[in-house]
>>> print(open('start.cif').read())   # mmCIF, C-alpha atoms
data_target
#
loop_
_atom_site.group_PDB
_atom_site.id
_atom_site.type_symbol
_atom_site.label_atom_id
_atom_site.label_comp_id
_atom_site.auth_asym_id
_atom_site.auth_seq_id
_atom_site.Cartn_x
_atom_site.Cartn_y
_atom_site.Cartn_z
ATOM 1 C CA MET V 1 58.757 -29.718 -104.051
ATOM 2 C CA ASP V 2 55.885 -28.107 -105.794
ATOM 3 C CA PRO V 3 56.778 -27.493 -109.485
ATOM 4 C CA LEU V 4 55.780 -23.812 -109.270
ATOM 5 C CA LEU V 5 57.818 -23.312 -106.096
ATOM 6 C CA ALA V 6 60.769 -25.115 -107.681
ATOM 7 C CA HIS V 7 60.548 -22.694 -110.583
ATOM 8 C CA ILE V 8 60.353 -19.460 -108.584
ATOM 9 C CA GLY V 9 62.409 -20.646 -105.605
ATOM 10 C CA HIS V 10 65.507 -19.157 -107.160
ATOM 11 C CA TYR V 11 64.014 -15.656 -107.282
ATOM 12 C CA LEU V 12 62.435 -16.008 -103.867
ATOM 13 C CA PHE V 13 65.832 -16.853 -102.427
ATOM 14 C CA HIS V 14 67.348 -13.709 -103.878
ATOM 15 C CA ILE V 15 64.521 -11.536 -102.561
ATOM 16 C CA PHE V 16 64.803 -13.059 -99.092
ATOM 17 C CA GLY V 17 68.574 -12.728 -99.187
ATOM 18 C CA LEU V 18 68.351 -9.023 -100.017
ATOM 19 C CA MET V 19 65.870 -8.570 -97.189
ATOM 20 C CA ALA V 20 68.186 -10.384 -94.774
ATOM 21 C CA VAL V 21 71.212 -8.263 -95.655
ATOM 22 C CA GLY V 22 69.139 -5.064 -95.614
ATOM 23 C CA GLY V 23 67.752 -5.920 -92.194
ATOM 24 C CA ALA V 24 71.250 -6.625 -90.875
ATOM 25 C CA LEU V 25 72.505 -3.297 -92.245
ATOM 26 C CA ALA V 26 69.580 -1.506 -90.610
ATOM 27 C CA LEU V 27 70.461 -3.282 -87.372
ATOM 28 C CA VAL V 28 74.049 -2.064 -87.473
ATOM 29 C CA PHE V 29 73.517 1.495 -88.690
ATOM 30 C CA SER V 30 70.305 2.771 -87.119
ATOM 31 C CA ARG V 31 70.492 5.209 -84.242
ATOM 32 C CA ASN V 32 67.392 4.115 -82.377
ATOM 33 C CA ALA V 33 67.626 0.746 -80.589
ATOM 34 C CA ILE V 34 64.009 -0.110 -81.438
ATOM 35 C CA HIS V 35 64.738 0.436 -85.133
ATOM 36 C CA SER V 36 67.720 -1.872 -84.751
ATOM 37 C CA ILE V 37 65.453 -4.548 -83.292
ATOM 38 C CA VAL V 38 63.016 -4.169 -86.179
ATOM 39 C CA GLY V 39 65.913 -4.607 -88.604
ATOM 40 C CA PHE V 40 67.015 -7.711 -86.702
ATOM 41 C CA LEU V 41 63.467 -9.096 -86.854
ATOM 42 C CA LEU V 42 63.293 -8.477 -90.610
ATOM 43 C CA SER V 43 66.641 -10.218 -91.061
ATOM 44 C CA MET V 44 65.549 -13.273 -89.054
ATOM 45 C CA LEU V 45 62.229 -13.544 -90.914
ATOM 46 C CA ALA V 46 64.084 -13.339 -94.231
ATOM 47 C CA VAL V 47 66.504 -16.079 -93.137
ATOM 48 C CA ALA V 48 63.459 -18.238 -92.297
ATOM 49 C CA GLY V 49 62.244 -17.612 -95.845
ATOM 50 C CA CYS V 50 65.640 -18.679 -97.170
ATOM 51 C CA TYR V 51 65.336 -21.944 -95.217
ATOM 52 C CA LEU V 52 61.969 -22.514 -96.901
ATOM 53 C CA THR V 53 63.459 -22.132 -100.371
ATOM 54 C CA LEU V 54 66.291 -24.486 -99.351
ATOM 55 C CA SER V 55 63.651 -27.134 -98.509
ATOM 56 C CA ALA V 56 64.337 -27.082 -94.761
ATOM 57 C CA GLU V 57 60.726 -26.481 -93.745
ATOM 58 C CA PHE V 58 61.021 -27.546 -90.137
ATOM 59 C CA LEU V 59 64.012 -25.288 -89.567
ATOM 60 C CA ALA V 60 62.106 -22.356 -91.089
ATOM 61 C CA VAL V 61 59.259 -22.778 -88.614
ATOM 62 C CA ALA V 62 61.705 -23.286 -85.735
ATOM 63 C CA GLN V 63 63.486 -20.092 -86.776
ATOM 64 C CA LEU V 64 60.195 -18.178 -86.723
ATOM 65 C CA LEU V 65 59.307 -19.536 -83.286
ATOM 66 C CA VAL V 66 62.713 -19.124 -81.656
ATOM 67 C CA TYR V 67 63.810 -15.803 -83.137
ATOM 68 C CA ALA V 68 60.665 -13.854 -84.004
ATOM 69 C CA GLY V 69 58.755 -15.320 -81.078
ATOM 70 C CA GLY V 70 61.389 -15.535 -78.394
ATOM 71 C CA ILE V 71 64.652 -13.739 -78.883
ATOM 72 C CA VAL V 72 63.283 -10.520 -80.401
ATOM 73 C CA VAL V 73 60.789 -10.222 -77.547
ATOM 74 C CA LEU V 74 63.605 -10.737 -75.032
ATOM 75 C CA PHE V 75 65.621 -7.969 -76.675
ATOM 76 C CA LEU V 76 62.559 -5.692 -76.625
ATOM 77 C CA PHE V 77 62.074 -6.352 -72.901
ATOM 78 C CA VAL V 78 65.664 -5.396 -72.159
ATOM 79 C CA VAL V 79 65.469 -2.251 -74.313
ATOM 80 C CA MET V 80 62.375 -1.224 -72.355
ATOM 81 C CA LEU V 81 64.197 -1.998 -69.094
ATOM 82 C CA VAL V 82 67.305 -0.014 -69.981
ATOM 83 C CA GLU V 83 66.732 3.710 -70.273
ATOM 84 C CA MET V 84 68.044 4.213 -73.794
ATOM 85 C CA THR V 85 67.342 7.940 -73.946
ATOM 86 C CA ARG V 86 70.222 8.408 -71.520
ATOM 87 C CA PHE V 87 72.673 7.432 -74.290
ATOM 88 C CA LYS V 88 70.981 9.407 -77.035
ATOM 89 C CA ASP V 89 73.643 12.102 -77.425
ATOM 90 C CA LYS V 90 76.589 9.714 -77.110
ATOM 91 C CA ALA V 91 78.595 8.735 -80.175
ATOM 92 C CA LEU V 92 77.111 5.810 -82.086
ATOM 93 C CA PHE V 93 80.351 4.134 -83.180
ATOM 94 C CA GLN V 94 83.586 3.234 -81.467
ATOM 95 C CA GLY V 95 86.768 5.223 -82.009
ATOM 96 C CA GLN V 96 88.264 2.336 -83.971
ATOM 97 C CA ALA V 97 85.324 2.242 -86.401
ATOM 98 C CA THR V 98 87.374 3.279 -89.440
ATOM 99 C CA TRP V 99 89.996 0.638 -88.799
ATOM 100 C CA ALA V 100 87.337 -1.974 -88.079
ATOM 101 C CA ILE V 101 85.527 -1.251 -91.345
ATOM 102 C CA ALA V 102 88.820 -1.343 -93.253
ATOM 103 C CA ALA V 103 89.758 -4.688 -91.659
ATOM 104 C CA THR V 104 86.328 -6.151 -92.414
ATOM 105 C CA LEU V 105 86.551 -5.012 -96.027
ATOM 106 C CA ALA V 106 90.060 -6.481 -96.362
ATOM 107 C CA GLY V 107 88.790 -9.799 -94.983
ATOM 108 C CA ALA V 108 85.836 -9.609 -97.371
ATOM 109 C CA VAL V 109 88.116 -9.090 -100.356
ATOM 110 C CA ALA V 110 90.297 -12.040 -99.263
ATOM 111 C CA ILE V 111 87.293 -14.342 -98.847
ATOM 112 C CA ILE V 112 85.803 -13.242 -102.166
ATOM 113 C CA GLY V 113 89.165 -14.088 -103.754
ATOM 114 C CA VAL V 114 89.047 -17.588 -102.295
ATOM 115 C CA PHE V 115 85.400 -17.844 -103.289
ATOM 116 C CA TRP V 116 86.216 -16.917 -106.852
ATOM 117 C CA ARG V 117 88.813 -19.662 -107.147
ATOM 118 C CA THR V 118 86.626 -22.401 -105.703
ATOM 119 C CA TRP V 119 83.422 -21.595 -107.524
ATOM 120 C CA PHE V 120 81.176 -24.568 -106.981
ATOM 121 C CA ALA V 121 79.983 -26.403 -110.044
ATOM 122 C CA ALA V 122 76.305 -25.938 -110.710
ATOM 123 C CA SER V 123 75.322 -29.419 -109.572
ATOM 124 C CA ALA V 124 71.739 -30.255 -108.777
ATOM 125 C CA PRO V 125 71.053 -30.435 -105.055
ATOM 126 C CA GLN V 126 70.469 -33.929 -103.771
ATOM 127 C CA ALA V 127 67.210 -34.981 -102.264
ATOM 128 C CA LEU V 128 67.305 -35.517 -98.523
ATOM 129 C CA THR V 129 67.929 -39.138 -97.627
ATOM 130 C CA LEU V 130 68.072 -41.122 -94.420
ATOM 131 C CA GLU V 131 70.118 -44.204 -93.661
ATOM 132 C CA PRO V 132 68.472 -47.497 -94.603
ATOM 133 C CA GLY V 133 66.144 -48.600 -91.848
ATOM 134 C CA LEU V 134 65.627 -45.098 -90.498
ATOM 135 C CA GLY V 135 63.433 -43.847 -93.286
ATOM 136 C CA GLU V 136 60.959 -46.704 -93.080
ATOM 137 C CA GLY V 137 57.408 -45.720 -93.884
ATOM 138 C CA LEU V 138 58.431 -42.120 -94.468
ATOM 139 C CA ASP V 139 58.414 -39.929 -97.554
ATOM 140 C CA VAL V 140 61.616 -38.081 -96.684
ATOM 141 C CA ALA V 141 61.201 -35.479 -99.403
ATOM 142 C CA THR V 142 57.873 -34.171 -98.115
ATOM 143 C CA GLN V 143 57.985 -35.003 -94.393
ATOM 144 C CA ASN V 144 60.863 -32.808 -93.361
ATOM 145 C CA ALA V 145 60.084 -32.592 -89.631
ATOM 146 C CA GLN V 146 59.856 -36.372 -89.257
ATOM 147 C CA ALA V 147 63.064 -36.862 -91.230
ATOM 148 C CA VAL V 148 64.999 -34.334 -89.122
ATOM 149 C CA SER V 149 63.681 -35.746 -85.860
ATOM 150 C CA ARG V 150 64.632 -39.290 -86.862
ATOM 151 C CA GLY V 151 68.066 -38.035 -87.874
ATOM 152 C CA ILE V 152 68.580 -36.249 -84.544
ATOM 153 C CA PHE V 153 67.356 -39.032 -82.305
ATOM 154 C CA ALA V 154 69.201 -41.743 -84.198
ATOM 155 C CA GLY V 155 72.553 -40.136 -84.764
ATOM 156 C CA TYR V 156 72.857 -37.071 -82.554
ATOM 157 C CA LEU V 157 71.195 -38.026 -79.316
ATOM 158 C CA LEU V 158 74.187 -37.100 -77.147
ATOM 159 C CA PRO V 159 74.536 -33.524 -78.531
ATOM 160 C CA PHE V 160 70.801 -33.112 -78.080
ATOM 161 C CA GLU V 161 70.959 -34.147 -74.423
ATOM 162 C CA ILE V 162 74.008 -31.958 -73.820
ATOM 163 C CA LEU V 163 72.093 -29.040 -75.321
ATOM 164 C CA SER V 164 69.238 -29.635 -72.896
ATOM 165 C CA VAL V 165 71.692 -29.487 -69.974
ATOM 166 C CA ILE V 166 73.215 -26.279 -71.410
ATOM 167 C CA LEU V 167 69.749 -24.732 -71.635
ATOM 168 C CA LEU V 168 69.085 -25.638 -67.996
ATOM 169 C CA VAL V 169 72.401 -24.092 -66.936
ATOM 170 C CA ALA V 170 71.618 -20.946 -68.956
ATOM 171 C CA LEU V 171 68.184 -20.726 -67.321
ATOM 172 C CA VAL V 172 69.604 -20.919 -63.798
ATOM 173 C CA GLY V 173 72.511 -18.622 -64.699
ATOM 174 C CA ALA V 174 70.218 -15.960 -66.174
ATOM 175 C CA VAL V 175 68.053 -15.965 -63.034
ATOM 176 C CA VAL V 176 71.107 -15.705 -60.757
ATOM 177 C CA LEU V 177 72.714 -12.932 -62.842
ATOM 178 C CA ALA V 178 69.640 -10.782 -63.274
ATOM 179 C CA LYS V 179 68.114 -10.932 -59.787
ATOM 180 C CA THR V 180 68.673 -8.090 -57.365
ATOM 181 C CA GLU V 181 70.985 -8.362 -54.368
ATOM 182 C CA ARG V 182 68.255 -8.724 -51.746
ATOM 183 C CA VAL V 183 65.282 -10.849 -52.711
ATOM 184 C CA MET W 1 66.925 -24.159 -108.128
ATOM 185 C CA VAL W 2 68.964 -22.126 -105.719
ATOM 186 C CA SER W 3 72.642 -22.539 -106.474
ATOM 187 C CA MET W 4 75.173 -23.343 -103.784
ATOM 188 C CA ASN W 5 77.175 -20.212 -104.478
ATOM 189 C CA ALA W 6 74.226 -17.921 -103.885
ATOM 190 C CA VAL W 7 73.673 -19.409 -100.429
ATOM 191 C CA LEU W 8 77.347 -19.268 -99.513
ATOM 192 C CA PHE W 9 77.576 -15.681 -100.713
ATOM 193 C CA LEU W 10 74.518 -14.605 -98.716
ATOM 194 C CA SER W 11 75.885 -16.315 -95.638
ATOM 195 C CA PHE W 12 79.221 -14.590 -96.113
ATOM 196 C CA LEU W 13 77.556 -11.180 -96.498
ATOM 197 C CA LEU W 14 75.493 -11.671 -93.353
ATOM 198 C CA PHE W 15 78.580 -12.770 -91.438
ATOM 199 C CA SER W 16 80.553 -9.725 -92.603
ATOM 200 C CA VAL W 17 77.785 -7.348 -91.548
ATOM 201 C CA GLY W 18 77.685 -9.087 -88.163
ATOM 202 C CA VAL W 19 81.446 -8.787 -87.692
ATOM 203 C CA ALA W 20 81.386 -5.116 -88.672
ATOM 204 C CA GLY W 21 78.553 -4.465 -86.232
ATOM 205 C CA VAL W 22 80.377 -6.170 -83.358
ATOM 206 C CA LEU W 23 83.497 -4.152 -84.107
ATOM 207 C CA ILE W 24 82.022 -0.687 -84.562
ATOM 208 C CA ARG W 25 78.959 -0.349 -82.339
ATOM 209 C CA ARG W 26 79.176 0.781 -78.717
ATOM 210 C CA ASN W 27 75.821 -0.480 -77.471
ATOM 211 C CA VAL W 28 75.993 -3.946 -75.878
ATOM 212 C CA LEU W 29 72.490 -4.863 -77.059
ATOM 213 C CA ILE W 30 73.350 -4.171 -80.694
ATOM 214 C CA ILE W 31 76.557 -6.197 -80.319
ATOM 215 C CA LEU W 32 74.556 -9.155 -78.995
ATOM 216 C CA MET W 33 72.171 -8.931 -81.941
ATOM 217 C CA CYS W 34 75.106 -8.843 -84.352
ATOM 218 C CA VAL W 35 76.431 -12.053 -82.772
ATOM 219 C CA GLU W 36 73.023 -13.601 -83.443
ATOM 220 C CA VAL W 37 73.235 -12.539 -87.094
ATOM 221 C CA MET W 38 76.648 -14.231 -87.331
ATOM 222 C CA LEU W 39 75.245 -17.455 -85.855
ATOM 223 C CA ASN W 40 72.446 -17.315 -88.417
ATOM 224 C CA ALA W 41 74.950 -16.970 -91.232
ATOM 225 C CA ALA W 42 76.663 -20.146 -90.009
ATOM 226 C CA ASN W 43 73.286 -21.876 -89.818
ATOM 227 C CA LEU W 44 72.543 -20.908 -93.407
ATOM 228 C CA ASN W 45 75.808 -22.544 -94.454
ATOM 229 C CA LEU W 46 74.925 -25.732 -92.560
ATOM 230 C CA VAL W 47 71.533 -25.934 -94.271
ATOM 231 C CA ALA W 48 73.066 -25.288 -97.675
ATOM 232 C CA PHE W 49 75.580 -28.097 -97.274
ATOM 233 C CA ALA W 50 72.921 -30.434 -95.886
ATOM 234 C CA ARG W 51 70.936 -29.832 -99.062
ATOM 235 C CA HIS W 52 74.028 -30.323 -101.181
ATOM 236 C CA SER W 53 75.043 -33.627 -99.609
ATOM 237 C CA GLY W 54 71.556 -35.007 -99.117
ATOM 238 C CA THR W 55 72.082 -35.883 -95.465
ATOM 239 C CA VAL W 56 70.052 -34.694 -92.518
ATOM 240 C CA ALA W 57 73.079 -33.899 -90.341
ATOM 241 C CA GLY W 58 73.363 -30.253 -91.354
ATOM 242 C CA GLN W 59 69.745 -29.489 -90.556
ATOM 243 C CA ALA W 60 70.024 -31.314 -87.233
ATOM 244 C CA PHE W 61 73.075 -29.290 -86.253
ATOM 245 C CA ALA W 62 71.452 -26.022 -87.366
ATOM 246 C CA LEU W 63 68.641 -26.859 -84.935
ATOM 247 C CA LEU W 64 71.141 -27.478 -82.135
ATOM 248 C CA VAL W 65 72.922 -24.186 -82.927
ATOM 249 C CA MET W 66 69.565 -22.426 -82.693
ATOM 250 C CA GLY W 67 69.062 -23.782 -79.173
ATOM 251 C CA LEU W 68 72.572 -22.731 -78.217
ATOM 252 C CA ALA W 69 71.888 -19.220 -79.577
ATOM 253 C CA ALA W 70 68.812 -18.978 -77.367
ATOM 254 C CA ALA W 71 70.878 -19.935 -74.306
ATOM 255 C CA GLU W 72 73.550 -17.421 -75.244
ATOM 256 C CA VAL W 73 71.023 -14.619 -75.630
ATOM 257 C CA SER W 74 69.419 -15.292 -72.273
ATOM 258 C CA ILE W 75 72.793 -15.196 -70.484
ATOM 259 C CA GLY W 76 73.925 -12.146 -72.445
ATOM 260 C CA LEU W 77 70.780 -10.170 -71.688
ATOM 261 C CA ALA W 78 70.982 -11.105 -68.001
ATOM 262 C CA LEU W 79 74.545 -9.773 -68.026
ATOM 263 C CA VAL W 80 73.365 -6.549 -69.702
ATOM 264 C CA VAL W 81 70.684 -6.052 -67.033
ATOM 265 C CA ALA W 82 73.171 -6.729 -64.222
ATOM 266 C CA LEU W 83 75.664 -4.357 -65.839
ATOM 267 C CA TYR W 84 73.078 -1.603 -66.184
ATOM 268 C CA ARG W 85 72.168 -1.933 -62.494
ATOM 269 C CA LYS W 86 75.804 -1.797 -61.437
ATOM 270 C CA LYS W 87 77.255 0.841 -63.757
ATOM 271 C CA GLY W 88 74.213 2.628 -65.158
ATOM 272 C CA SER W 89 75.505 2.228 -68.707
ATOM 273 C CA VAL W 90 75.313 -0.155 -71.641
ATOM 274 C CA GLN W 91 78.132 1.424 -73.640
ATOM 275 C CA VAL W 92 81.059 -0.961 -73.955
ATOM 276 C CA ASP W 93 83.756 1.713 -73.877
ATOM 277 C CA GLU W 94 82.563 2.941 -70.482
ATOM 278 C CA ILE W 95 83.065 -0.478 -68.950
ATOM 279 C CA ASN W 96 86.774 -0.613 -68.180
ATOM 280 C CA LEU W 97 86.968 -2.162 -64.719
ATOM 281 C CA LEU W 98 89.826 -4.444 -65.756
ATOM 282 C CA LYS W 99 91.913 -1.582 -67.121
ATOM 283 C CA GLY W 100 95.168 -1.385 -65.162
#
>>> encode(input="start.cif", output="structure tokens")
Amino acid sequence: MDPLLAHIGHYLFHIFGLMAVGGALALVFSRNAIHSIVGFLLSMLAVAGCYLTLSAEFLAVAQLLVYAGGIVVLFLFVVMLVEMTRFKDKALFQGQATWAIAATLAGAVAIIGVFWRTWFAASAPQALTLEPGLGEGLDVATQNAQAVSRGIFAGYLLPFEILSVILLVALVGAVVLAKTERV
Amino acid sequence: MVSMNAVLFLSFLLFSVGVAGVLIRRNVLIILMCVEVMLNAANLNLVAFARHSGTVAGQAFALLVMGLAAAEVSIGLALVVALYRKKGSVQVDEINLLKG
């Protein structure tokens, strides 16, 4: 990694993390659905930034393409399709909201307790490596996309193929579910 | 260098916000987006541990999870559209067909 980026990566991660949590909070607590989508978009962009500071460059770009380019636009389409003004004067939260918040906070306290006990030692992160033979003619540290693709196609070919079948099934299922009764 | 704990803590915060959103909101679209936020928190954990162990497996699986999230969103939104046509509502507490 670039020496300058290695130096400020720490701060960048914190800024992106704050943006991600803020976007998620805006998503949960805003009244207007479009504002919620903007919060979601901000959160996803910030998570992509976090991937960059964690030296997962290919994943960061994939996150931008899939979420900011695809999923957010899908959500926007559906919000335009559904007449949201009809639900404007309805209550925003469920009746069990108080209990739900209390349960979430209790879970948070429990996890923070566990977290406190198992505080990870401040060890330096390891550079990305590939198995011998796989990384031939490749600078794994700087060619992230090539390294990830070699890792997937060498070790995780079956999950990859299964995912392609799942995507096909989802495609057909979405068309069948969303089409009107009479074509 | 970004420490492991910072990443885990961010991922945990994002996951908590997602869980809270799923539990308290009444709009199906918002609930779907909160599920996406939870998946992203898990992805962040995978990337953090991939960086910690120096193997490529975590990043590969984060990529697969991303594809799965896209499939889930397309099905979920198709369900929302079908539901809106049928019931004229996207509020989860108005959908109680299975109530005895």
>>> resolve_selection(input="start.cif", expression="the PyMOL selection byres ((chain W) within 8 of (chain V))", output="MDAnalysis selection string")
chainID W and resid 1:5 10 13:14 16:21 23:27 29:30 33:34 37 40 44 47:48 51:57 59:60 62:64 66:68 70:75 77:79 81:82 84 93
>>> atom_distance(input="start.cif", atom1="CA of Ala106 in chain V", atom2="CA of Ala42 in chain W")
20.2 Å
>>> atom_distance(input="start.cif", atom1="CA of Phe49 in chain W", atom2="CA of Val114 in chain V")
17.8 Å
>>> atom_distance(input="start.cif", atom1="CA of Leu39 in chain W", atom2="CA of Val80 in chain W")
19.6 Å
>>> closest_residue(input="start.cif", among="V:Thr85, V:Val61, V:Asn32, V:Ala154", to="Leu45 in chain V", atoms="all atoms listed in the file")
V:Val61
>>> closest_residue(input="start.cif", among="W:Ala6, W:Val35, W:Leu46, W:Val28", to="Val90 in chain W", atoms="only C-alpha atoms")
W:Val28
